[in-house]
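With PDB, C-alpha atoms and all ligand atoms inside, this is my_file.pdb:
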ATOM      1  CA  MET A   1     -10.248  22.839 -15.959  1.00  0.00           C
ATOM      2  CA  SER A   2      -7.655  20.820 -17.902  1.00  0.00           C
ATOM      3  CA  ALA A   3      -6.776  17.269 -16.841  1.00  0.00           C
ATOM      4  CA  ARG A   4      -3.370  18.558 -15.749  1.00  0.00           C
ATOM      5  CA  ASP A   5      -4.881  21.281 -13.542  1.00  0.00           C
ATOM      6  CA  SER A   6      -7.491  18.858 -12.126  1.00  0.00           C
ATOM      7  CA  SER A   7      -4.736  16.381 -11.220  1.00  0.00           C
ATOM      8  CA  LYS A   8      -2.698  19.082  -9.515  1.00  0.00           C
ATOM      9  CA  ALA A   9      -5.722  20.373  -7.576  1.00  0.00           C
ATOM     10  CA  LEU A  10      -6.799  16.884  -6.532  1.00  0.00           C
ATOM     11  CA  LYS A  11      -3.336  15.979  -5.241  1.00  0.00           C
ATOM     12  CA  GLU A  12      -3.151  19.226  -3.304  1.00  0.00           C
ATOM     13  CA  ILE A  13      -6.530  18.579  -1.697  1.00  0.00           C
ATOM     14  CA  ALA A  14      -5.502  15.041  -0.722  1.00  0.00           C
ATOM     15  CA  ARG A  15      -2.312  16.414   0.857  1.00  0.00           C
ATOM     16  CA  ASN A  16      -4.282  19.050   2.737  1.00  0.00           C
ATOM     17  CA  LEU A  17      -6.504  16.268   4.065  1.00  0.00           C
ATOM     18  CA  GLY A  18      -3.471  14.443   5.477  1.00  0.00           C
ATOM     19  CA  ALA A  19      -2.050  12.352   2.622  1.00  0.00           C
ATOM     20  CA  ASP A  20       1.740  12.052   2.458  1.00  0.00           C
ATOM     21  CA  LEU A  21       1.877  10.662  -1.100  1.00  0.00           C
ATOM     22  CA  VAL A  22      -0.661  10.742  -3.951  1.00  0.00           C
ATOM     23  CA  GLY A  23      -0.430   9.143  -7.391  1.00  0.00           C
ATOM     24  CA  ILE A  24      -2.821   8.543 -10.272  1.00  0.00           C
ATOM     25  CA  ALA A  25      -2.945   5.207 -12.133  1.00  0.00           C
ATOM     26  CA  ASP A  26      -4.291   4.548 -15.596  1.00  0.00           C
ATOM     27  CA  VAL A  27      -6.836   1.756 -15.004  1.00  0.00           C
ATOM     28  CA  ALA A  28      -5.508   0.052 -18.157  1.00  0.00           C
ATOM     29  CA  TYR A  29      -2.493  -1.025 -16.054  1.00  0.00           C
ATOM     30  CA  LEU A  30      -4.853  -2.882 -13.696  1.00  0.00           C
ATOM     31  CA  LYS A  31      -6.631  -4.890 -16.361  1.00  0.00           C
ATOM     32  CA  GLY A  32      -7.057  -8.530 -15.352  1.00  0.00           C
ATOM     33  CA  ILE A  33      -6.355  -8.147 -11.631  1.00  0.00           C
ATOM     34  CA  ASP A  34      -8.765  -9.645  -9.094  1.00  0.00           C
ATOM     35  CA  SER A  35     -11.600  -7.437  -7.899  1.00  0.00           C
ATOM     36  CA  GLU A  36     -14.864  -7.842  -6.057  1.00  0.00           C
ATOM     37  CA  PRO A  37     -17.236  -7.515  -7.826  1.00  0.00           C
ATOM     38  CA  VAL A  38     -15.398  -8.759 -10.896  1.00  0.00           C
ATOM     39  CA  ASP A  39     -16.441  -5.766 -13.029  1.00  0.00           C
ATOM     40  CA  LEU A  40     -15.529  -3.214 -10.331  1.00  0.00           C
ATOM     41  CA  LEU A  41     -13.097  -1.369 -12.605  1.00  0.00           C
ATOM     42  CA  SER A  42     -15.295  -1.242 -15.706  1.00  0.00           C
ATOM     43  CA  ARG A  43     -16.816   2.203 -14.997  1.00  0.00           C
ATOM     44  CA  TYR A  44     -13.566   3.963 -14.194  1.00  0.00           C
ATOM     45  CA  THR A  45     -10.565   5.293 -16.096  1.00  0.00           C
ATOM     46  CA  ARG A  46      -8.324   6.334 -13.222  1.00  0.00           C
ATOM     47  CA  ALA A  47      -7.409   4.938  -9.793  1.00  0.00           C
ATOM     48  CA  ILE A  48      -6.028   7.409  -7.263  1.00  0.00           C
ATOM     49  CA  SER A  49      -3.579   5.947  -4.780  1.00  0.00           C
ATOM     50  CA  ILE A  50      -3.120   7.723  -1.454  1.00  0.00           C
ATOM     51  CA  ALA A  51      -0.506   6.906   1.177  1.00  0.00           C
ATOM     52  CA  VAL A  52      -0.102   7.939   4.795  1.00  0.00           C
ATOM     53  CA  LYS A  53       3.282   7.405   6.420  1.00  0.00           C
ATOM     54  CA  LEU A  54       3.484   5.544   9.727  1.00  0.00           C
ATOM     55  CA  PRO A  55       5.906   6.904  12.363  1.00  0.00           C
ATOM     56  CA  ASP A  56       9.416   5.416  12.240  1.00  0.00           C
ATOM     57  CA  ASP A  57       9.606   4.635  15.961  1.00  0.00           C
ATOM     58  CA  VAL A  58       6.618   2.280  15.707  1.00  0.00           C
ATOM     59  CA  PHE A  59       8.779   0.016  13.504  1.00  0.00           C
ATOM     60  CA  GLU A  60      12.074   0.624  15.284  1.00  0.00           C
ATOM     61  CA  GLN A  61      10.483  -0.855  18.432  1.00  0.00           C
ATOM     62  CA  LEU A  62       9.587  -4.144  16.722  1.00  0.00           C
ATOM     63  CA  VAL A  63      11.885  -7.076  17.454  1.00  0.00           C
ATOM     64  CA  ASP A  64      10.319 -10.255  16.062  1.00  0.00           C
ATOM     65  CA  ARG A  65       6.569  -9.620  16.332  1.00  0.00           C
ATOM     66  CA  PRO A  66       3.961  -6.849  16.189  1.00  0.00           C
ATOM     67  CA  THR A  67       3.237  -4.753  19.287  1.00  0.00           C
ATOM     68  CA  PRO A  68      -0.108  -3.410  20.588  1.00  0.00           C
ATOM     69  CA  LEU A  69       1.207   0.069  19.762  1.00  0.00           C
ATOM     70  CA  TYR A  70       1.769  -0.863  16.123  1.00  0.00           C
ATOM     71  CA  SER A  71      -1.664  -2.450  16.013  1.00  0.00           C
ATOM     72  CA  GLN A  72      -3.335   0.760  17.204  1.00  0.00           C
ATOM     73  CA  VAL A  73      -1.312   3.033  14.898  1.00  0.00           C
ATOM     74  CA  TYR A  74      -2.215   0.708  11.990  1.00  0.00           C
ATOM     75  CA  LEU A  75      -5.916   1.156  12.854  1.00  0.00           C
ATOM     76  CA  ASN A  76      -5.585   4.921  13.152  1.00  0.00           C
ATOM     77  CA  ALA A  77      -3.805   5.199   9.804  1.00  0.00           C
ATOM     78  CA  ASN A  78      -6.550   3.183   8.090  1.00  0.00           C
ATOM     79  CA  ALA A  79      -9.210   5.420   9.636  1.00  0.00           C
ATOM     80  CA  LEU A  80      -7.410   8.540   8.393  1.00  0.00           C
ATOM     81  CA  LEU A  81      -7.035   7.029   4.903  1.00  0.00           C
ATOM     82  CA  ASP A  82     -10.734   6.184   4.773  1.00  0.00           C
ATOM     83  CA  GLN A  83     -11.572   9.767   5.756  1.00  0.00           C
ATOM     84  CA  ILE A  84      -9.298  11.184   3.064  1.00  0.00           C
ATOM     85  CA  ALA A  85     -10.804   8.834   0.440  1.00  0.00           C
ATOM     86  CA  LEU A  86     -14.339   9.740   1.451  1.00  0.00           C
ATOM     87  CA  ARG A  87     -13.735  13.486   1.348  1.00  0.00           C
ATOM     88  CA  LEU A  88     -11.851  13.255  -1.944  1.00  0.00           C
ATOM     89  CA  SER A  89     -14.737  11.252  -3.424  1.00  0.00           C
ATOM     90  CA  GLY A  90     -17.115  14.038  -2.353  1.00  0.00           C
ATOM     91  CA  TYR A  91     -14.891  16.618  -4.055  1.00  0.00           C
ATOM     92  CA  ILE A  92     -14.890  14.600  -7.294  1.00  0.00           C
ATOM     93  CA  GLU A  93     -18.672  14.097  -7.252  1.00  0.00           C
ATOM     94  CA  GLN A  94     -19.255  17.826  -6.714  1.00  0.00           C
ATOM     95  CA  ARG A  95     -17.445  18.356 -10.013  1.00  0.00           C
ATOM     96  CA  GLY A  96     -19.839  16.037 -11.848  1.00  0.00           C
ATOM     97  CA  PHE A  97     -17.767  12.833 -11.980  1.00  0.00           C
ATOM     98  CA  THR A  98     -18.118   9.462 -10.299  1.00  0.00           C
ATOM     99  CA  ALA A  99     -15.907   8.299  -7.439  1.00  0.00           C
ATOM    100  CA  MET A 100     -15.665   5.056  -5.508  1.00  0.00           C
ATOM    101  CA  PRO A 101     -13.535   4.915  -2.342  1.00  0.00           C
ATOM    102  CA  ILE A 102     -12.200   1.419  -1.644  1.00  0.00           C
ATOM    103  CA  PRO A 103     -11.850   1.000   2.137  1.00  0.00           C
ATOM    104  CA  ALA A 104      -8.310   0.647   3.474  1.00  0.00           C
ATOM    105  CA  SER A 105      -7.528  -2.847   4.733  1.00  0.00           C
ATOM    106  CA  GLN A 106     -10.920  -4.494   4.561  1.00  0.00           C
ATOM    107  CA  PRO A 107     -10.231  -8.152   3.745  1.00  0.00           C
ATOM    108  CA  LEU A 108     -13.265  -9.990   2.376  1.00  0.00           C
ATOM    109  CA  ASP A 109     -11.950 -13.247   3.804  1.00  0.00           C
ATOM    110  CA  MET A 110      -9.384 -13.962   6.493  1.00  0.00           C
ATOM    111  CA  THR A 111      -7.938 -17.024   4.770  1.00  0.00           C
ATOM    112  CA  GLU A 112      -6.809 -15.618   1.453  1.00  0.00           C
ATOM    113  CA  PHE A 113      -6.800 -11.941   2.525  1.00  0.00           C
ATOM    114  CA  ARG A 114      -8.566 -10.909  -0.690  1.00  0.00           C
ATOM    115  CA  SER A 115     -10.101  -7.424  -0.744  1.00  0.00           C
ATOM    116  CA  HIS A 116     -12.296  -5.483  -3.187  1.00  0.00           C
ATOM    117  CA  LEU A 117      -9.176  -4.349  -5.017  1.00  0.00           C
ATOM    118  CA  SER A 118      -5.476  -4.549  -4.233  1.00  0.00           C
ATOM    119  CA  ALA A 119      -4.337  -1.134  -2.960  1.00  0.00           C
ATOM    120  CA  LYS A 120      -0.757  -2.285  -3.570  1.00  0.00           C
ATOM    121  CA  ALA A 121      -1.445  -2.991  -7.260  1.00  0.00           C
ATOM    122  CA  VAL A 122      -2.958   0.482  -7.632  1.00  0.00           C
ATOM    123  CA  ALA A 123      -0.032   2.163  -5.845  1.00  0.00           C
ATOM    124  CA  ASN A 124       2.388   0.281  -8.094  1.00  0.00           C
ATOM    125  CA  ALA A 125       0.558   1.384 -11.253  1.00  0.00           C
ATOM    126  CA  ALA A 126       0.258   4.949  -9.928  1.00  0.00           C
ATOM    127  CA  GLY A 127       4.021   5.258  -9.507  1.00  0.00           C
ATOM    128  CA  LEU A 128       3.983   5.623  -5.707  1.00  0.00           C
ATOM    129  CA  GLY A 129       6.555   2.863  -5.404  1.00  0.00           C
ATOM    130  CA  TRP A 130       7.679  -0.468  -6.822  1.00  0.00           C
ATOM    131  CA  GLN A 131       6.665  -3.912  -5.650  1.00  0.00           C
ATOM    132  CA  GLY A 132       9.498  -5.191  -3.470  1.00  0.00           C
ATOM    133  CA  LYS A 133      10.593  -8.776  -2.851  1.00  0.00           C
ATOM    134  CA  SER A 134       8.363  -8.722   0.250  1.00  0.00           C
ATOM    135  CA  LEU A 135       5.342  -7.867  -1.976  1.00  0.00           C
ATOM    136  CA  LEU A 136       5.172  -4.504  -0.190  1.00  0.00           C
ATOM    137  CA  ILE A 137       5.098  -1.232  -2.099  1.00  0.00           C
ATOM    138  CA  ILE A 138       8.489   0.419  -1.594  1.00  0.00           C
ATOM    139  CA  THR A 139       8.318   4.189  -1.958  1.00  0.00           C
ATOM    140  CA  PRO A 140      11.490   6.219  -2.557  1.00  0.00           C
ATOM    141  CA  GLU A 141      10.353   8.646   0.162  1.00  0.00           C
ATOM    142  CA  PHE A 142       9.377   6.310   3.021  1.00  0.00           C
ATOM    143  CA  GLY A 143      10.151   2.768   1.861  1.00  0.00           C
ATOM    144  CA  PRO A 144       7.290   0.460   2.878  1.00  0.00           C
ATOM    145  CA  ARG A 145       6.396   2.449   6.044  1.00  0.00           C
ATOM    146  CA  ILE A 146       3.047   3.509   4.647  1.00  0.00           C
ATOM    147  CA  ARG A 147      -0.618   2.508   4.548  1.00  0.00           C
ATOM    148  CA  LEU A 148      -2.662   2.878   1.356  1.00  0.00           C
ATOM    149  CA  VAL A 149      -6.165   3.608   0.129  1.00  0.00           C
ATOM    150  CA  THR A 150      -7.697   3.860  -3.367  1.00  0.00           C
ATOM    151  CA  VAL A 151     -10.338   6.051  -5.007  1.00  0.00           C
ATOM    152  CA  LEU A 152     -11.655   4.983  -8.432  1.00  0.00           C
ATOM    153  CA  THR A 153     -12.967   7.690 -10.742  1.00  0.00           C
ATOM    154  CA  ASP A 154     -13.896   8.662 -14.294  1.00  0.00           C
ATOM    155  CA  MET A 155     -12.592  12.209 -13.779  1.00  0.00           C
ATOM    156  CA  PRO A 156     -10.173  13.158 -16.577  1.00  0.00           C
ATOM    157  CA  LEU A 157      -6.783  13.137 -14.826  1.00  0.00           C
ATOM    158  CA  VAL A 158      -3.186  12.794 -15.989  1.00  0.00           C
ATOM    159  CA  ALA A 159      -1.882   9.342 -15.047  1.00  0.00           C
ATOM    160  CA  ASP A 160       1.519   8.984 -13.379  1.00  0.00           C
ATOM    161  CA  ARG A 161       4.047   6.414 -14.587  1.00  0.00           C
ATOM    162  CA  PRO A 162       5.082   3.284 -12.683  1.00  0.00           C
ATOM    163  CA  LEU A 163       8.561   3.352 -11.097  1.00  0.00           C
ATOM    164  CA  LYS A 164      11.440   0.994 -11.854  1.00  0.00           C
ATOM    165  CA  ASN A 165      12.164  -1.699  -9.284  1.00  0.00           C
ATOM    166  CA  ARG A 166      15.133  -0.691  -7.096  1.00  0.00           C
ATOM    167  CA  CYS A 167      15.444  -3.739  -4.817  1.00  0.00           C
ATOM    168  CA  GLY A 168      18.646  -4.749  -6.602  1.00  0.00           C
ATOM    169  CA  SER A 169      20.684  -7.349  -4.707  1.00  0.00           C
ATOM    170  CA  CYS A 170      19.155  -6.451  -1.307  1.00  0.00           C
ATOM    171  CA  THR A 171      18.118  -9.455   0.775  1.00  0.00           C
ATOM    172  CA  ALA A 172      17.166  -7.669   4.012  1.00  0.00           C
ATOM    173  CA  CYS A 173      13.507  -8.748   4.012  1.00  0.00           C
ATOM    174  CA  THR A 174      14.334 -12.304   2.930  1.00  0.00           C
ATOM    175  CA  SER A 175      16.835 -12.707   5.777  1.00  0.00           C
ATOM    176  CA  ALA A 176      14.596 -11.104   8.422  1.00  0.00           C
ATOM    177  CA  CYS A 177      11.283 -12.770   7.580  1.00  0.00           C
ATOM    178  CA  VAL A 178      10.021 -14.465  10.736  1.00  0.00           C
ATOM    179  CA  ALA A 179       8.285 -17.192   8.706  1.00  0.00           C
ATOM    180  CA  GLN A 180      11.052 -17.772   6.115  1.00  0.00           C
ATOM    181  CA  ALA A 181       8.387 -16.966   3.545  1.00  0.00           C
ATOM    182  CA  ILE A 182      10.136 -14.491   1.199  1.00  0.00           C
ATOM    183  CA  ARG A 183      11.694 -16.170  -1.846  1.00  0.00           C
ATOM    184  CA  ASN A 184      14.195 -13.401  -2.784  1.00  0.00           C
ATOM    185  CA  VAL A 185      12.761 -13.072  -6.299  1.00  0.00           C
ATOM    186  CA  SER A 186      12.539  -9.654  -7.991  1.00  0.00           C
ATOM    187  CA  THR A 187       9.996  -8.435 -10.535  1.00  0.00           C
ATOM    188  CA  THR A 188      10.170  -5.688 -13.147  1.00  0.00           C
ATOM    189  CA  PHE A 189       6.557  -4.492 -12.665  1.00  0.00           C
ATOM    190  CA  HIS A 190       4.435  -6.897 -10.619  1.00  0.00           C
ATOM    191  CA  TYR A 191       4.416 -10.598  -9.749  1.00  0.00           C
ATOM    192  CA  ALA A 192       2.082 -12.855 -11.730  1.00  0.00           C
ATOM    193  CA  SER A 193       0.865 -14.189  -8.398  1.00  0.00           C
ATOM    194  CA  ARG A 194       1.828 -13.400  -4.802  1.00  0.00           C
ATOM    195  CA  ASP A 195       3.196 -16.940  -4.404  1.00  0.00           C
ATOM    196  CA  GLU A 196       5.869 -16.072  -6.944  1.00  0.00           C
ATOM    197  CA  ALA A 197       7.322 -13.643  -4.365  1.00  0.00           C
ATOM    198  CA  ILE A 198       6.443 -15.259  -1.047  1.00  0.00           C
ATOM    199  CA  ASP A 199       5.172 -18.521   0.347  1.00  0.00           C
ATOM    200  CA  PHE A 200       1.853 -16.919   1.185  1.00  0.00           C
ATOM    201  CA  ARG A 201       0.642 -19.788   3.390  1.00  0.00           C
ATOM    202  CA  LYS A 202       3.708 -19.581   5.634  1.00  0.00           C
ATOM    203  CA  CYS A 203       3.237 -15.814   6.053  1.00  0.00           C
ATOM    204  CA  ALA A 204      -0.540 -16.046   6.621  1.00  0.00           C
ATOM    205  CA  ASP A 205      -0.191 -18.895   9.120  1.00  0.00           C
ATOM    206  CA  LYS A 206       2.268 -16.827  11.156  1.00  0.00           C
ATOM    207  CA  LEU A 207       0.026 -13.758  11.108  1.00  0.00           C
ATOM    208  CA  VAL A 208      -3.332 -15.483  11.689  1.00  0.00           C
ATOM    209  CA  GLY A 209      -2.222 -18.418  13.822  1.00  0.00           C
ATOM    210  CA  GLU A 210       0.250 -16.578  16.048  1.00  0.00           C
ATOM    211  CA  PHE A 211       0.484 -12.773  15.821  1.00  0.00           C
ATOM    212  CA  LYS A 212      -3.272 -12.113  15.737  1.00  0.00           C
ATOM    213  CA  MET A 213      -3.558 -13.945  19.085  1.00  0.00           C
ATOM    214  CA  LEU A 214      -1.029 -11.709  20.866  1.00  0.00           C
ATOM    215  CA  PRO A 215      -2.600  -9.597  23.641  1.00  0.00           C
ATOM    216  CA  GLY A 216      -3.475  -6.144  22.346  1.00  0.00           C
ATOM    217  CA  VAL A 217      -2.612  -6.962  18.729  1.00  0.00           C
ATOM    218  CA  ASP A 218      -5.857  -8.618  17.675  1.00  0.00           C
ATOM    219  CA  LYS A 219      -5.254  -8.478  13.931  1.00  0.00           C
ATOM    220  CA  PRO A 220      -3.110 -10.391  11.411  1.00  0.00           C
ATOM    221  CA  ILE A 221      -0.190  -7.974  11.144  1.00  0.00           C
ATOM    222  CA  CYS A 222       3.572  -8.435  11.418  1.00  0.00           C
ATOM    223  CA  GLY A 223       5.722  -5.414  10.483  1.00  0.00           C
ATOM    224  CA  ILE A 224       9.129  -7.108  10.355  1.00  0.00           C
ATOM    225  CA  CYS A 225       9.643  -6.944   6.563  1.00  0.00           C
ATOM    226  CA  ILE A 226       8.458  -3.315   6.773  1.00  0.00           C
ATOM    227  CA  LYS A 227      10.955  -2.521   9.524  1.00  0.00           C
ATOM    228  CA  VAL A 228      14.064  -3.928   7.851  1.00  0.00           C
ATOM    229  CA  CYS A 229      13.688  -2.488   4.346  1.00  0.00           C
ATOM    230  CA  PRO A 230      16.606  -0.060   3.899  1.00  0.00           C
ATOM    231  CA  TRP A 231      14.413   2.303   1.874  1.00  0.00           C
ATOM    232  CA  GLY A 232      12.306   2.964   4.943  1.00  0.00           C
ATOM    233  CA  ARG A 233      14.989   3.194   7.593  1.00  0.00           C
ATOM    234  CA  LYS A 234      15.430   6.663   9.005  1.00  0.00           C
ATOM    235  CA  LEU A 235      19.218   6.690   8.530  1.00  0.00           C
ATOM    236  CA  GLY A 236      19.056   5.517   4.932  1.00  0.00           C
ATOM    237  CA  ARG A 237      16.403   8.102   4.180  1.00  0.00           C
ATOM    238  CA  ALA A 238      18.489  10.915   5.709  1.00  0.00           C
ATOM    239  CA  ARG A 239      21.460   9.886   3.552  1.00  0.00           C
ATOM    240  CA  ARG A 240      19.369   9.792   0.381  1.00  0.00           C
ATOM    241  CA  THR A 241      17.901  13.257   0.954  1.00  0.00           C
ATOM    242  CA  SER A 242      21.129  14.974   2.105  1.00  0.00           C
TER     243      SER A 242
HETATM  244  S1  LIG B   1       4.673 -10.084   7.058  1.00  0.00           S
HETATM  245 FE1  LIG B   1       6.116 -11.134   8.483  1.00  0.00          FE
HETATM  246  S2  LIG B   1       5.868 -13.315   8.000  1.00  0.00           S
HETATM  247 FE2  LIG B   1       4.955 -12.194   6.292  1.00  0.00          FE
HETATM  248  S3  LIG B   1       6.586 -11.942   4.774  1.00  0.00           S
HETATM  249 FE3  LIG B   1       6.710 -10.118   6.101  1.00  0.00          FE
HETATM  250  S4  LIG B   1       8.183 -10.673   7.730  1.00  0.00           S
HETATM  251 FE4  LIG B   1       7.538 -12.578   6.718  1.00  0.00          FE
HETATM  252  S1  LIG B   2      14.178  -5.143   2.059  1.00  0.00           S
HETATM  253 FE1  LIG B   2      15.397  -4.991   0.180  1.00  0.00          FE
HETATM  254  S2  LIG B   2      14.668  -6.672  -1.149  1.00  0.00           S
HETATM  255 FE2  LIG B   2      13.132  -6.373   0.485  1.00  0.00          FE
HETATM  256  S3  LIG B   2      11.646  -4.962  -0.431  1.00  0.00           S
HETATM  257 FE3  LIG B   2      13.127  -3.673   0.687  1.00  0.00          FE
HETATM  258  S4  LIG B   2      14.688  -3.125  -0.886  1.00  0.00           S
HETATM  259 FE4  LIG B   2      13.497  -4.833  -1.702  1.00  0.00          FE
END
Let me see whether you can do it: turn the structure in this file into structure tokens.
Amino acid sequence: MSARDSSKALKEIARNLGADLVGIADVAYLKGIDSEPVDLLSRYTRAISIAVKLPDDVFEQLVDRPTPLYSQVYLNANALLDQIALRLSGYIEQRGFTAMPIPASQPLDMTEFRSHLSAKAVANAAGLGWQGKSLLIITPEFGPRIRLVTVLTDMPLVADRPLKNRCGSCTACTSACVAQAIRNVSTTFHYASRDEAIDFRKCADKLVGEFKMLPGVDKPICGICIKVCPWGRKLGRARRTS
């Protein structure tokens, strides 16, 4: 099978498993980013980025903090993503190639929120969306209302191209941030460090020190910069697709 046909088949399988968006990154775009272990990427040529959309009403209900409902939906989406990544990895291995699923949202430490590999960086390189001023991946289809997972592989696949940043002069996330952490700085591809885009400590302190303690939430999530992004809002999306 040609790389083009393999890519098409793989994306179709991921969609049949429940993915809403699938993109393929050339690992060369990820050179130099943090990973655990440090040579994690060395065996692979492609990184597959898979997104599942979260329901709009979960975000529309948020006012200034996460809700128990959002917390549970967040968990469910991660579980679905991990299932998709696992099954896709099995499909790749059956065809004689290697595959490594990177679990969705599994921070290795709760201070710096580092993980094995940034799913956002992979999604950015795979052309799923651009990195917005909030550091979130903003997809043209669903804005930031998605969760992500990654599968690394050496399967010959056609890589997708990164998208151009379309934040423009928007300041919605900067104005709405409950920790006044977003700096309103844009990037053409990705930020050199997350502190270039946001005051990470302010955001993390809010999530760990306050939101994680809310009854029924139990994890460091927020959702406000996801809610307000115009690319994700139901009305904006309807206008763009009509
Ligand atoms: S997650 Fe919350 S605190 Fe952090 S940048 Fe977004 S709105 Fe601000
Ligand atoms: S709210 Fe506006 S500035 Fe923030 S990520 Fe979305 S489009 Fe970009």
| task | Find the residues with any atom within 8 Å of (5.4, -4.5, -6.4); use all atoms listed in the file and the coordinates as given in the file, and write the answer as number ranges by chain. | result | A: 120-121, 124, 129-133, 135-138, 165, 187, 189-191
Could you turn the residues from that selection into a file that holds C-alpha atoms, as a short mmCIF file (atom, residue, chain, number, x, y, z; two decimals), keeping the file's coordinate frame?
data_model
loop_
_atom_site.label_atom_id
_atom_site.label_comp_id
_atom_site.auth_asym_id
_atom_site.auth_seq_id
_atom_site.Cartn_x
_atom_site.Cartn_y
_atom_site.Cartn_z
CA LYS A 120 -0.76 -2.28 -3.57
CA ALA A 121 -1.44 -2.99 -7.26
CA ASN A 124 2.39 0.28 -8.09
CA GLY A 129 6.56 2.86 -5.40
CA TRP A 130 7.68 -0.47 -6.82
CA GLN A 131 6.66 -3.91 -5.65
CA GLY A 132 9.50 -5.19 -3.47
CA LYS A 133 10.59 -8.78 -2.85
CA LEU A 135 5.34 -7.87 -1.98
CA LEU A 136 5.17 -4.50 -0.19
CA ILE A 137 5.10 -1.23 -2.10
CA ILE A 138 8.49 0.42 -1.59
CA ASN A 165 12.16 -1.70 -9.28
CA THR A 187 10.00 -8.44 -10.54
CA PHE A 189 6.56 -4.49 -12.66
CA HIS A 190 4.43 -6.90 -10.62
CA TYR A 191 4.42 -10.60 -9.75
#
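Residue nearest ligand LIG 1 (chain B), chosen from A:Asp64, A:Asn78, A:Pro140, A:Tyr70 and counting all atoms listed in the file: A:Asp64.
Minimum atom-to-atom distances from A:Pro162, A:Gly209, A:Gly216, A:Pro55 to ligand LIG 1 (chain B) were compared using all atoms listed in the file, and the lowest value belongs to A:Gly209.
Nearest residue to ligand LIG 1 (chain B), choosing from A:Ile92, A:Val122, A:Ile102, A:Val63 and counting all atoms listed in the file: A:Val63.
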| request: Just say which residues the PyMOL selection byres (((chain A and resi 127) around 9) and not hetatm) picks in this file, as a ChimeraX atom specification. | output: /A:23-25,49,122-126,128-130,139,160-164
| 6 Å shell around ligand LIG 2 (chain B) using only C-alpha atoms and all ligand atoms, listed as a PyMOL selection string | chain A and resi 132-134+167+170-173+228-230
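When all atoms listed in the file are used to measure the gap to ligand LIG 1 (chain B), the shortest distance among A:Val158, A:Ala77, A:Leu62, A:Leu30 belongs to A:Leu62.
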Edge lengths and centre in Å to one decimal, as AutoDock Vina command-line options, is what I'm after for the box along x, y and z that holds all listed atoms of ligand LIG 1 (chain B) once 4 Å is added on each side.
--center_x 6.4 --center_y -11.7 --center_z 6.6 --size_x 11.5 --size_y 11.2 --size_z 11.7
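Taking all atoms listed in the file into account, the protein and nucleic acid residues that come at most 6 Å from ligand LIG 1 (chain B) are A:Ser134, A:Cys177, A:Val178, A:Ala179, A:Ala181, A:Ile182, A:Cys203, A:Lys206, A:Cys222, A:Gly223, A:Ile224, A:Cys225.
Distances to A:Glu12 were evaluated for A:Leu207, A:Ile50, A:Ala192, A:Ala28 using only C-alpha atoms, and the minimum falls at A:Ile50.
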| task | For A:Ala104, please output as a list in words all residues within 10 Å (counting all atoms listed in the file; exclusion window: fewer than 4 positions along the same chain). | result | Leu75, Ala77, Asn78, Ala79, Leu80, Leu81, Asp82, Gln83, Ala85, Ser115, His116, Leu117, Ser118, Ala119, Arg147, Leu148, Val149 and Thr150 of chain A
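Each of A:Thr188, A:Ser193, A:Ser89, A:Ser169 was checked against A:Leu10 using all atoms listed in the file; the smallest atom-to-atom distance is that of A:Ser89.
As for atom CA of A:Thr45 and atom CA of A:Tyr74, they are spaced 29.7 Å apart.
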| request: Any chance you could resolve the PyMOL selection byres (((chain A and resi 199) around 10) and not hetatm) against this file and give the residues as a PyMOL selection string? | output: chain A and resi 179-183+194-198+200-204
| message | Using only C-alpha atoms, which protein or nucleic acid residues come within 9 Å of A:Ala3? Drop anything in the same chain fewer than 6 positions from it, and give the result as a PyMOL selection string. | response | chain A and resi 155-158
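Here the PyMOL selection byres (((chain A and resi 53) around 6) and not hetatm) captures the residues Val52, Leu54, Arg145 and Ile146 of chain A.
Here atom CA of A:Leu21 is placed at a distance of 11.9 Å from atom CA of A:Ile84.
Interatomic distance, atom CA of A:Asp20 to atom CA of A:Gly168: 25.5 Å.
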